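Peer 1: This is the content of protein-v5.cif (mmCIF, C-alpha atoms):
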```
data_my_file
#
loop_
_atom_site.label_atom_id
_atom_site.label_comp_id
_atom_site.auth_asym_id
_atom_site.auth_seq_id
_atom_site.Cartn_x
_atom_site.Cartn_y
_atom_site.Cartn_z
CA MET A 1 4.08 -33.78 -10.71
CA LYS A 2 2.69 -30.94 -8.69
CA ASN A 3 0.15 -29.24 -10.83
CA LYS A 4 -0.21 -28.79 -14.57
CA TYR A 5 0.48 -25.05 -14.43
CA ILE A 6 3.52 -25.37 -12.19
CA ASP A 7 4.81 -28.25 -14.29
CA ALA A 8 4.42 -26.17 -17.43
CA ILE A 9 6.35 -23.26 -15.90
CA ASP A 10 9.05 -25.60 -14.63
CA ALA A 11 9.32 -27.34 -17.99
CA SER A 12 10.01 -24.05 -19.75
CA ASN A 13 12.68 -23.13 -17.19
CA MET A 14 14.40 -26.48 -16.79
CA LYS A 15 17.32 -27.60 -18.92
CA PRO A 16 16.15 -30.11 -21.49
CA HIS A 17 19.11 -32.38 -20.85
CA VAL A 18 21.01 -32.80 -17.60
CA PRO A 19 24.11 -34.98 -17.90
CA ASP A 20 24.15 -38.18 -15.88
CA PHE A 21 26.22 -37.92 -12.76
CA GLU A 22 25.96 -39.58 -9.39
CA VAL A 23 27.05 -39.05 -5.84
CA GLY A 24 30.73 -39.96 -5.59
CA ASP A 25 31.59 -38.88 -9.11
CA THR A 26 34.36 -36.39 -9.69
CA VAL A 27 32.89 -33.67 -11.87
CA SER A 28 34.05 -30.53 -13.55
CA VAL A 29 31.32 -27.91 -13.31
CA GLY A 30 31.61 -25.08 -15.81
CA VAL A 31 30.54 -21.97 -13.92
CA LYS A 32 29.75 -18.82 -15.88
CA ILE A 33 31.37 -15.78 -14.38
CA VAL A 34 30.55 -12.26 -15.48
CA GLU A 35 33.35 -9.72 -15.19
CA GLY A 36 32.22 -6.31 -16.28
CA ASN A 37 30.55 -7.09 -19.55
CA LYS A 38 32.73 -10.09 -20.33
CA GLU A 39 31.62 -13.60 -19.58
CA ARG A 40 33.91 -16.57 -19.09
CA ILE A 41 33.58 -20.12 -17.87
CA GLN A 42 35.52 -21.28 -14.85
CA PRO A 43 35.65 -24.98 -13.99
CA PHE A 44 35.05 -26.13 -10.43
CA ILE A 45 36.39 -29.64 -10.08
CA GLY A 46 35.55 -31.86 -7.14
CA VAL A 47 33.60 -34.80 -5.77
CA VAL A 48 29.80 -34.73 -5.70
CA ILE A 49 28.98 -35.40 -2.04
CA GLY A 50 25.20 -35.08 -2.28
CA ARG A 51 22.22 -34.39 -4.44
CA ARG A 52 18.98 -33.09 -3.02
CA GLY A 53 15.56 -32.00 -4.20
CA GLY A 54 13.89 -32.83 -7.45
CA GLY A 55 12.69 -31.14 -10.59
CA MET A 56 13.28 -27.43 -10.74
CA THR A 57 14.70 -27.22 -7.22
CA GLU A 58 17.27 -30.00 -7.52
CA SER A 59 20.77 -29.08 -6.38
CA PHE A 60 24.06 -30.83 -5.74
CA THR A 61 27.10 -30.23 -3.57
CA VAL A 62 30.64 -30.43 -4.90
CA ARG A 63 33.60 -30.68 -2.54
CA ARG A 64 37.18 -30.01 -3.44
CA ILE A 65 40.41 -29.26 -1.61
CA VAL A 66 42.00 -25.86 -2.25
CA ASN A 67 45.28 -25.03 -0.47
CA ASN A 68 44.67 -27.83 2.00
CA GLU A 69 41.30 -26.32 2.83
CA GLY A 70 38.02 -28.06 2.02
CA VAL A 71 35.72 -25.98 -0.20
CA GLU A 72 32.12 -26.92 -0.94
CA ARG A 73 29.83 -25.31 -3.45
CA ILE A 74 26.14 -25.99 -3.86
CA PHE A 75 24.83 -25.68 -7.41
CA PRO A 76 21.21 -25.71 -8.57
CA VAL A 77 21.13 -28.29 -11.37
CA HIS A 78 19.04 -26.07 -13.64
CA SER A 79 20.86 -22.82 -12.97
CA PRO A 80 21.68 -20.92 -16.16
CA ARG A 81 25.03 -20.06 -14.56
CA ILE A 82 26.12 -23.66 -15.01
CA ALA A 83 27.37 -24.06 -18.53
CA SER A 84 28.36 -27.73 -18.32
CA ILE A 85 28.78 -30.68 -16.00
CA GLU A 86 31.46 -33.12 -17.04
CA VAL A 87 32.10 -36.39 -15.23
CA GLN A 88 35.82 -37.06 -14.94
CA ARG A 89 35.80 -40.13 -12.73
CA HIS A 90 33.14 -42.41 -11.31
CA GLY A 91 33.46 -43.11 -7.59
CA LYS A 92 32.05 -46.11 -5.80
CA THR A 93 29.88 -45.24 -2.81
CA ARG A 94 27.55 -46.93 -0.36
CA ARG A 95 25.98 -43.70 0.85
CA ALA A 96 23.65 -41.11 -0.64
CA LYS A 97 25.44 -38.29 1.17
CA LEU A 98 29.22 -38.38 1.52
CA TYR A 99 29.51 -36.01 4.47
CA TYR A 100 32.05 -38.36 6.05
CA LEU A 101 34.57 -37.13 3.51
CA ARG A 102 34.74 -33.87 5.47
CA ASP A 103 36.48 -35.69 8.30
CA ARG A 104 38.88 -37.58 6.06
CA VAL A 105 42.44 -36.45 5.49
CA GLY A 106 44.93 -37.43 2.82
CA LYS A 107 44.63 -40.65 0.94
CA SER A 108 41.52 -41.80 2.78
CA ARG A 109 39.59 -39.11 0.94
CA LYS A 110 39.84 -41.13 -2.24
CA LEU A 111 36.85 -43.13 -3.38
CA ARG A 112 37.26 -46.42 -5.14
CA GLU A 113 36.67 -46.19 -8.86
CA ARG A 114 33.35 -47.43 -10.13
CA ARG A 115 33.38 -49.12 -13.48
CA VAL A 116 30.78 -47.89 -15.89
CA PHE A 117 29.69 -50.04 -18.77
CA LYS A 118 28.50 -48.06 -21.70
CA LYS A 119 25.26 -49.25 -23.14
CA LYS A 120 25.07 -49.65 -26.86
CA GLY A 121 24.02 -46.47 -28.61
CA ASP A 122 24.63 -44.44 -25.46
CA ALA A 123 25.88 -40.95 -25.94
CA GLN A 124 29.17 -40.10 -24.32
CA ILE A 125 29.03 -40.47 -20.57
CA SER A 126 29.99 -36.94 -19.74
CA GLY A 127 27.22 -35.39 -21.75
CA THR A 128 29.14 -32.13 -21.76
CA ALA A 129 28.73 -31.32 -25.38
CA THR A 130 25.03 -32.00 -25.42
CA ALA A 131 24.45 -30.09 -22.23
CA SER A 132 26.25 -26.94 -23.27
CA GLU A 133 24.72 -26.98 -26.71
CA ALA A 134 21.26 -27.45 -25.34
CA HIS A 135 21.84 -24.57 -23.03
CA LYS A 136 22.84 -22.25 -25.79
CA ALA A 137 19.73 -23.14 -27.73
CA GLU A 138 17.56 -22.28 -24.76
CA PRO A 139 15.79 -18.93 -24.85
CA GLU A 140 16.23 -16.36 -22.10
CA PRO A 141 15.10 -18.05 -18.89
CA ALA A 142 13.04 -15.11 -17.69
CA ALA A 143 10.49 -15.79 -20.41
CA VAL A 144 7.94 -18.16 -18.94
CA MET B 1 -7.64 3.05 -14.55
CA LYS B 2 -6.52 0.33 -12.21
CA ALA B 3 -5.46 -3.25 -12.85
CA ALA B 4 -7.25 -5.72 -10.60
CA ILE B 5 -8.36 -9.30 -10.99
CA LEU B 6 -9.56 -12.31 -9.00
CA GLY B 7 -7.73 -15.61 -8.90
CA THR B 8 -6.71 -18.72 -7.02
CA LYS B 9 -3.35 -19.65 -5.62
CA VAL B 10 -1.87 -22.59 -7.50
CA GLY B 11 1.36 -23.14 -5.58
CA MET B 12 4.99 -22.16 -5.48
CA THR B 13 8.04 -22.92 -7.57
CA ARG B 14 11.23 -21.16 -8.59
CA ILE B 15 12.44 -19.58 -11.78
CA PHE B 16 15.83 -18.24 -12.74
CA SER B 17 16.32 -14.63 -13.75
CA ALA B 18 18.42 -13.72 -16.76
CA ASP B 19 21.50 -13.22 -14.58
CA GLY B 20 21.08 -16.65 -13.01
CA ASN B 21 19.53 -15.77 -9.65
CA ALA B 22 16.81 -18.09 -8.42
CA ILE B 23 13.54 -16.28 -7.68
CA PRO B 24 10.91 -17.99 -5.51
CA VAL B 25 7.54 -17.38 -7.13
CA THR B 26 3.90 -18.05 -6.34
CA VAL B 27 1.81 -19.09 -9.31
CA ILE B 28 -1.65 -17.53 -9.37
CA GLN B 29 -4.31 -18.55 -11.82
CA ALA B 30 -6.14 -15.28 -12.38
CA GLY B 31 -9.18 -14.70 -14.52
CA PRO B 32 -10.71 -14.49 -16.96
CA CYS B 33 -13.15 -12.59 -14.78
CA SER B 34 -16.37 -11.03 -15.97
CA ILE B 35 -17.85 -7.79 -14.79
CA LEU B 36 -21.20 -8.56 -13.16
CA GLN B 37 -22.16 -5.02 -12.24
CA VAL B 38 -20.88 -1.49 -12.69
CA LYS B 39 -21.49 0.88 -9.80
CA THR B 40 -21.44 4.59 -10.48
CA MET B 41 -21.69 7.78 -8.49
CA ASP B 42 -25.22 8.43 -9.72
CA THR B 43 -26.71 5.07 -8.85
CA ASP B 44 -24.64 3.88 -5.88
CA GLY B 45 -22.77 6.88 -4.54
CA TYR B 46 -19.34 5.48 -5.47
CA GLU B 47 -17.50 4.09 -8.45
CA ALA B 48 -16.70 0.39 -8.64
CA VAL B 49 -16.99 -2.77 -10.68
CA GLN B 50 -18.10 -6.14 -9.40
CA LEU B 51 -15.94 -8.98 -10.73
CA GLY B 52 -16.92 -12.65 -10.82
CA PHE B 53 -14.50 -15.55 -11.15
CA LEU B 54 -15.21 -19.22 -12.00
CA ASP B 55 -18.68 -20.43 -12.95
CA LYS B 56 -20.90 -21.98 -10.35
CA LYS B 57 -23.48 -24.66 -11.06
CA PRO B 58 -26.93 -23.06 -11.19
CA ALA B 59 -28.25 -25.90 -9.04
CA ARG B 60 -26.00 -24.69 -6.23
CA CYS B 61 -27.00 -21.04 -6.49
CA THR B 62 -29.74 -19.03 -4.93
CA ARG B 63 -32.24 -17.52 -7.33
CA PRO B 64 -31.08 -13.97 -6.57
CA GLU B 65 -27.54 -14.99 -7.55
CA ILE B 66 -28.75 -16.36 -10.87
CA GLY B 67 -30.87 -13.29 -11.54
CA HIS B 68 -28.04 -10.92 -10.66
CA ALA B 69 -25.65 -12.67 -13.04
CA ARG B 70 -28.25 -12.84 -15.79
CA LYS B 71 -28.47 -9.03 -15.85
CA ALA B 72 -24.88 -9.07 -17.12
CA ASN B 73 -25.57 -12.05 -19.40
CA GLN B 74 -23.32 -14.22 -17.26
CA LYS B 75 -23.50 -17.47 -15.38
CA PRO B 76 -23.48 -17.16 -11.59
CA LYS B 77 -19.93 -16.98 -10.24
CA ARG B 78 -18.19 -18.69 -7.35
CA PHE B 79 -16.05 -15.81 -6.20
CA VAL B 80 -17.45 -12.31 -6.46
CA ARG B 81 -15.67 -9.20 -5.25
CA GLU B 82 -15.99 -5.49 -5.80
CA ILE B 83 -13.08 -3.35 -6.99
CA ARG B 84 -13.26 0.35 -6.13
CA LEU B 85 -12.27 2.62 -8.99
CA THR B 86 -11.94 6.35 -9.32
CA GLU B 87 -13.79 6.24 -12.61
CA ALA B 88 -15.98 3.29 -13.57
CA SER B 89 -17.55 4.80 -16.68
CA GLY B 90 -16.49 3.03 -19.84
CA LYS B 91 -16.85 -0.31 -18.13
CA GLN B 92 -19.84 -2.46 -19.01
CA ALA B 93 -21.45 -5.37 -17.29
CA GLY B 94 -20.46 -8.50 -19.18
CA ASP B 95 -16.96 -7.26 -20.05
CA VAL B 96 -14.15 -9.74 -19.53
CA VAL B 97 -11.00 -8.92 -17.54
CA THR B 98 -7.88 -10.99 -18.16
CA VAL B 99 -4.31 -10.93 -16.85
CA GLY B 100 -3.39 -8.96 -19.97
CA ILE B 101 -4.47 -5.80 -18.12
CA PHE B 102 -1.39 -6.09 -15.90
CA GLU B 103 0.80 -6.09 -18.97
CA GLU B 104 -1.02 -3.22 -20.66
CA LEU B 105 -0.65 -1.00 -17.63
CA GLU B 106 2.92 -2.16 -17.03
CA VAL B 107 2.28 -3.09 -13.44
CA GLY B 108 5.47 -3.79 -11.50
CA HIS B 109 4.13 -4.55 -8.03
CA VAL B 110 0.82 -5.88 -6.74
CA ASP B 111 -1.18 -5.97 -3.52
CA ILE B 112 -2.70 -9.38 -2.82
CA VAL B 113 -5.68 -10.03 -0.56
CA GLY B 114 -6.21 -13.56 0.69
CA THR B 115 -7.50 -15.60 3.59
CA THR B 116 -4.71 -17.10 5.66
CA ILE B 117 -4.53 -20.79 6.53
CA GLY B 118 -6.65 -21.51 9.61
CA LYS B 119 -4.60 -22.70 12.58
CA GLY B 120 -7.47 -23.28 15.04
CA PHE B 121 -7.25 -22.37 18.72
CA GLN B 122 -3.63 -21.58 19.50
CA GLY B 123 -1.68 -20.55 22.56
CA THR B 124 0.14 -17.27 23.01
CA MET B 125 3.53 -18.65 22.01
CA LYS B 126 2.42 -19.56 18.50
CA ARG B 127 -0.19 -16.83 18.12
CA HIS B 128 1.65 -13.80 19.47
CA ASN B 129 5.27 -15.00 19.70
CA PHE B 130 5.29 -14.91 23.51
CA ALA B 131 8.39 -16.40 25.06
CA GLY B 132 6.64 -18.81 27.45
CA GLN B 133 8.23 -19.77 30.74
CA GLU B 134 11.50 -21.47 31.47
CA ALA B 135 12.07 -25.16 30.91
CA SER B 136 13.49 -25.67 34.40
CA HIS B 137 14.38 -23.56 37.46
CA GLY B 138 11.27 -24.69 39.29
CA VAL B 139 8.73 -24.12 36.50
CA GLU B 140 6.10 -26.83 36.61
CA ARG B 141 3.28 -27.41 34.09
CA LYS B 142 3.50 -23.76 32.95
CA HIS B 143 6.13 -23.91 30.26
CA ARG B 144 3.95 -22.43 27.50
CA SER B 145 1.69 -20.25 29.61
CA PRO B 146 1.41 -16.47 28.95
CA GLY B 147 2.35 -15.47 32.50
CA SER B 148 0.67 -12.60 34.27
CA ILE B 149 -2.07 -10.85 32.34
CA SER B 150 -2.41 -7.89 34.66
CA GLY B 151 -1.52 -6.44 38.01
CA HIS B 152 -3.45 -4.79 40.76
CA GLY B 153 -2.93 -1.19 39.85
CA ASN B 154 -3.14 -0.99 36.09
CA ARG B 155 -4.35 2.31 34.66
CA GLY B 156 -5.49 3.37 38.08
CA LEU B 157 -8.59 1.28 37.71
CA GLY B 158 -7.72 -1.39 40.21
CA ARG B 159 -7.90 -5.02 39.20
CA CYS B 160 -8.69 -5.26 35.53
CA VAL B 161 -7.21 -6.73 32.37
CA LYS B 162 -6.41 -4.22 29.65
CA LYS B 163 -8.62 -4.34 26.61
CA GLY B 164 -6.98 -5.99 23.65
CA LYS B 165 -4.61 -7.99 25.86
CA LYS B 166 -2.97 -10.65 23.72
CA MET B 167 -4.20 -14.07 24.77
CA SER B 168 -4.82 -17.54 23.37
CA GLY B 169 -7.51 -17.88 20.76
CA HIS B 170 -8.34 -18.59 17.16
CA MET B 171 -5.47 -18.03 14.81
CA GLY B 172 -5.47 -17.77 11.05
CA HIS B 173 -8.36 -17.84 8.58
CA GLU B 174 -8.46 -14.07 8.44
CA ARG B 175 -8.30 -11.59 5.60
CA VAL B 176 -4.76 -10.41 5.00
CA THR B 177 -3.35 -7.98 2.46
CA SER B 178 0.17 -8.57 1.32
CA ARG B 179 1.48 -5.34 -0.13
CA ASN B 180 4.01 -4.46 -2.82
CA GLN B 181 4.84 -7.93 -4.06
CA LYS B 182 6.87 -7.94 -7.23
CA LEU B 183 5.06 -9.14 -10.31
CA VAL B 184 7.64 -11.33 -12.02
CA ALA B 185 5.78 -12.52 -15.09
CA VAL B 186 2.39 -12.53 -16.79
CA ASP B 187 1.37 -15.58 -18.81
CA LYS B 188 -1.52 -14.57 -21.02
CA ASP B 189 -1.94 -17.96 -22.69
CA ARG B 190 -2.49 -19.82 -19.45
CA ASN B 191 -3.97 -16.91 -17.46
CA LEU B 192 -1.21 -17.00 -14.88
CA LEU B 193 0.50 -14.39 -12.75
CA LEU B 194 3.90 -15.08 -11.19
CA VAL B 195 4.51 -13.13 -8.03
CA LYS B 196 7.77 -13.08 -6.10
CA GLY B 197 7.50 -14.65 -2.66
CA GLY B 198 4.58 -16.26 -0.87
CA VAL B 199 0.99 -15.06 -0.76
CA PRO B 200 -1.62 -15.52 1.99
CA GLY B 201 -3.74 -18.66 2.10
CA PRO B 202 -3.61 -22.31 1.09
CA ASN B 203 -3.16 -23.61 -2.44
CA GLY B 204 -6.55 -23.25 -4.10
CA GLY B 205 -7.48 -20.28 -1.93
CA TYR B 206 -9.18 -17.28 -3.54
CA LEU B 207 -7.20 -14.08 -3.98
CA VAL B 208 -7.80 -10.51 -5.08
CA ILE B 209 -4.81 -9.17 -6.99
CA ALA B 210 -4.58 -5.45 -7.65
CA GLN B 211 -1.79 -3.17 -8.73
CA ALA B 212 0.10 -1.89 -5.73
CA LYS B 213 -1.16 1.28 -4.09
CA ALA B 214 2.23 2.39 -2.85
CA LYS B 215 4.70 1.13 -5.43
CA LYS B 216 4.67 1.28 -9.18
#
```
For this file, write the structure as structure tokens.

Peer 2:
Amino acid sequence: MKNKYIDAIDASNMKPHVPDFEVGDTVSVGVKIVEGNKERIQPFIGVVIGRRGGGMTESFTVRRIVNNEGVERIFPVHSPRIASIEVQRHGKTRRAKLYYLRDRVGKSRKLRERRVFKKKGDAQISGTATASEAHKAEPEPAAV
Amino acid sequence: MKAAILGTKVGMTRIFSADGNAIPVTVIQAGPCSILQVKTMDTDGYEAVQLGFLDKKPARCTRPEIGHARKANQKPKRFVREIRLTEASGKQAGDVVTVGIFEELEVGHVDIVGTTIGKGFQGTMKRHNFAGQEASHGVERKHRSPGSISGHGNRGLGRCVKKGKKMSGHMGHERVTSRNQKLVAVDKDRNLLLVKGGVPGPNGGYLVIAQAKAKK
């Protein structure tokens, strides 16, 4: 809650539904890529090592290993370039930021699995379907 | 014809463009403003309109303020500024100016006048980006000092400090014009302007927003 005008602008630009995911979860982020005039969705799969900010400015960092090289990408949660966020595995953590994973090699990178108990009447945990559908229904983001 | 309006800075946020880039924007609540007076070549020697923004309680006004506003059938205003025009005829006292004018004239960039945040009395390092002195190598109690302000033979006048020498003093709380800021969006329902980047002054500070002189 900043100001009623700013909140109203943010509300019209934010995604109506952001899937539940936490630090430590392994997620598959569907990234929209434009090639010429074609658009396709490329998944970026890795561990969420941090979430920062709130509201419109919230972002999260995903770390994965490509060719034995650590790669991190920072995504704004409400970016229209993100088509979906799908949780593949829940990791158990005792930290809000998992920067220590950068120093880990091999098996010690793995996080212990966190068990998630579905509540009755809960939608699917991943929330992929709802997220991508909601995004399609959204009007062009430039319109405030 | 020129698009200009008065407003207050609300604060900053971000929006995403259609291609997914995040744009930092300042939200400005602008107008509706009313024209309090029209100045013409015949009566005043130049062409301009006087805009007023936000009503002021009559109990807090001087009687001349109330009388001046009454001539235009308006309540006295909190923030009153004049906008110079090349041609003020066609405008009438009592007319209302809204943010819609920026849309009608298809304004792409704006110049914004505001009063910067007051910083109080500041040293040369903060005020003029001086480098200060070294942290060690024998420097004692002079780490943030400006150093020498003049020598013995400057300008052939003997011992004197040049006029306009940058020194410590009051910083901020001055009128600043920020030119050619991109106008990202106009919200006619809520009387808002969204401008790319920051604008001078604190949240709640008064601003004059006019279409850019240099850039369309």

Peer 1: What does the structure give for the distance between atom CA of Gln181 of chain B and atom CA of Glu82 of chain B, in Å to one decimal?

Peer 2: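 Interatomic distance here is 21.0 Å.
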
Peer 1: Could you tell me which residues the PyMOL selection byres ((chain B and resi 122) around 6) grabs in this file, written as an mmCIF file with C-alpha atoms, keeping the file's coordinate frame?

Peer 2:
```cif
data_model
loop_
_atom_site.group_PDB
_atom_site.id
_atom_site.type_symbol
_atom_site.label_atom_id
_atom_site.label_comp_id
_atom_site.auth_asym_id
_atom_site.auth_seq_id
_atom_site.Cartn_x
_atom_site.Cartn_y
_atom_site.Cartn_z
ATOM 1 C CA PHE B 121 -7.250 -22.370 18.720
ATOM 2 C CA GLY B 123 -1.680 -20.550 22.560
ATOM 3 C CA SER B 168 -4.820 -17.540 23.370
ATOM 4 C CA GLY B 169 -7.510 -17.880 20.760
#
```

Peer 1: Between B:Lys213, B:Arg179, B:Arg190, B:Lys163, which is the closest to chain A once you count only C-alpha atoms?

Peer 2: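 Among the listed residues, B:Arg190 lies closest to chain A.
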
Peer 1: Atom CA of Val97 of chain B and atom CA of Asp187 of chain B, how far apart in Å?

Peer 2: 14.1 Å

Peer 1: Select, from B:Leu6, B:Ala210, B:Met167, B:Val186, the residue with the minimum atom-to-atom distance to chain A, counting only C-alpha atoms.

Peer 2: B:Val186

Peer 1: Apply the PyMOL selection byres ((chain A and resi 54) around 12) to the displayed file and report the matching residues as an mmCIF file with C-alpha atoms, in the frame of the given file.

Peer 2:
```
data_model
loop_
_atom_site.group_PDB
_atom_site.id
_atom_site.type_symbol
_atom_site.label_atom_id
_atom_site.label_comp_id
_atom_site.auth_asym_id
_atom_site.auth_seq_id
_atom_site.Cartn_x
_atom_site.Cartn_y
_atom_site.Cartn_z
ATOM 1 C CA MET A 1 4.080 -33.780 -10.710
ATOM 2 C CA LYS A 2 2.690 -30.940 -8.690
ATOM 3 C CA ASP A 10 9.050 -25.600 -14.630
ATOM 4 C CA MET A 14 14.400 -26.480 -16.790
ATOM 5 C CA ARG A 51 22.220 -34.390 -4.440
ATOM 6 C CA ARG A 52 18.980 -33.090 -3.020
ATOM 7 C CA GLY A 53 15.560 -32.000 -4.200
ATOM 8 C CA GLY A 55 12.690 -31.140 -10.590
ATOM 9 C CA MET A 56 13.280 -27.430 -10.740
ATOM 10 C CA THR A 57 14.700 -27.220 -7.220
ATOM 11 C CA GLU A 58 17.270 -30.000 -7.520
ATOM 12 C CA SER A 59 20.770 -29.080 -6.380
ATOM 13 C CA PHE A 60 24.060 -30.830 -5.740
ATOM 14 C CA PRO A 76 21.210 -25.710 -8.570
ATOM 15 C CA VAL A 77 21.130 -28.290 -11.370
ATOM 16 C CA HIS A 78 19.040 -26.070 -13.640
ATOM 17 C CA THR B 13 8.040 -22.920 -7.570
#
```

Peer 1: Can you list, as a PyMOL selection string, every protein, DNA or RNA residue that comes within 10 Å of Gly198 of chain B when you count all atoms listed in the file, leaving out same-chain residues fewer than 5 positions away?

Peer 2: chain B and resi 9+11-12+24-27+178+181

Peer 1: Work out how far apart atom CA of Lys77 of chain B and atom CA of Lys56 of chain B are and give it in Å to one decimal.

Peer 2: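 Result for atom CA of Lys77 of chain B versus atom CA of Lys56 of chain B: 5.1 Å, one decimal.
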
Peer 1: Within 12 Å of Val66 of chain A, counting only C-alpha atoms, which residues qualify if same-chain residues fewer than 5 places away don't, as a PyMOL selection string?

Peer 2: chain A and resi 44-46+71-72

Peer 1: Against chain A, which residues of chain B fall within 7 Å? For each one I want the closest pair of atoms and the distance in Å (one decimal), counting all atoms listed in the file, rows by chain and increasing residue number, as a Markdown table.

Peer 2:
```
| residue | atom | partner | partner_atom | distance |
| --- | --- | --- | --- | --- |
| B:Thr13 | CA | A:Ile6 | CA | 6.9 |
| B:Arg14 | CA | A:Met56 | CA | 6.9 |
| B:Ile15 | CA | A:Asn13 | CA | 6.5 |
| B:Phe16 | CA | A:Pro141 | CA | 6.2 |
| B:Ser17 | CA | A:Ala142 | CA | 5.1 |
| B:Ala18 | CA | A:Ala142 | CA | 5.6 |
| B:Gly20 | CA | A:Pro80 | CA | 5.3 |
```

Peer 1: Which residues match the PyMOL selection byres ((chain A and resi 29) around 6) in the file above, as JSON, numbers by chain?

Peer 2: {"A": [28, 30, 43, 44, 84, 85]}

Peer 1: Dig up all the protein and nucleic acid residues within 6 Å of (38.1, -34.8, -2.8) in the file frame, using all atoms listed in the file, and format them as a ChimeraX atom specification.

Peer 2: /A:46-47,64,109

Peer 1: Tell me which protein, DNA and RNA residues are within 8 Å of Ile28 of chain B, counting all atoms listed in the file, leaving out same-chain ones fewer than 4 positions away, and put them as a VMD selection string.

Peer 2: chain B and resid 7 to 11 192 to 195

Peer 1: Please write the residues from the selection above to a file, keeping C-alpha atoms, as a CSV table (one decimal), in the frame of the given file.

Peer 2:
```csv
chain,number,residue,atom,x,y,z
B,7,GLY,CA,-7.7,-15.6,-8.9
B,8,THR,CA,-6.7,-18.7,-7.0
B,9,LYS,CA,-3.4,-19.6,-5.6
B,10,VAL,CA,-1.9,-22.6,-7.5
B,11,GLY,CA,1.4,-23.1,-5.6
B,192,LEU,CA,-1.2,-17.0,-14.9
B,193,LEU,CA,0.5,-14.4,-12.8
B,194,LEU,CA,3.9,-15.1,-11.2
B,195,VAL,CA,4.5,-13.1,-8.0
```

Peer 1: Just want the 9 Å neighbourhood of Asp25 of chain A, counted on all atoms listed in the file, with same-chain residues fewer than 4 positions away dropped. Output as JSON, numbers by chain.

Peer 2: {"A": [21, 46, 47, 48, 49, 87, 88, 89, 90, 91, 92, 111, 113, 114]}

Peer 1: Give me the residues near Glu134 of chain B as a PyMOL selection string, where near means some atom within 12 Å (using only C-alpha atoms) and where sequence neighbours in that chain fewer than 2 positions away do not count.

Peer 2: chain B and resi 131-132+136-147
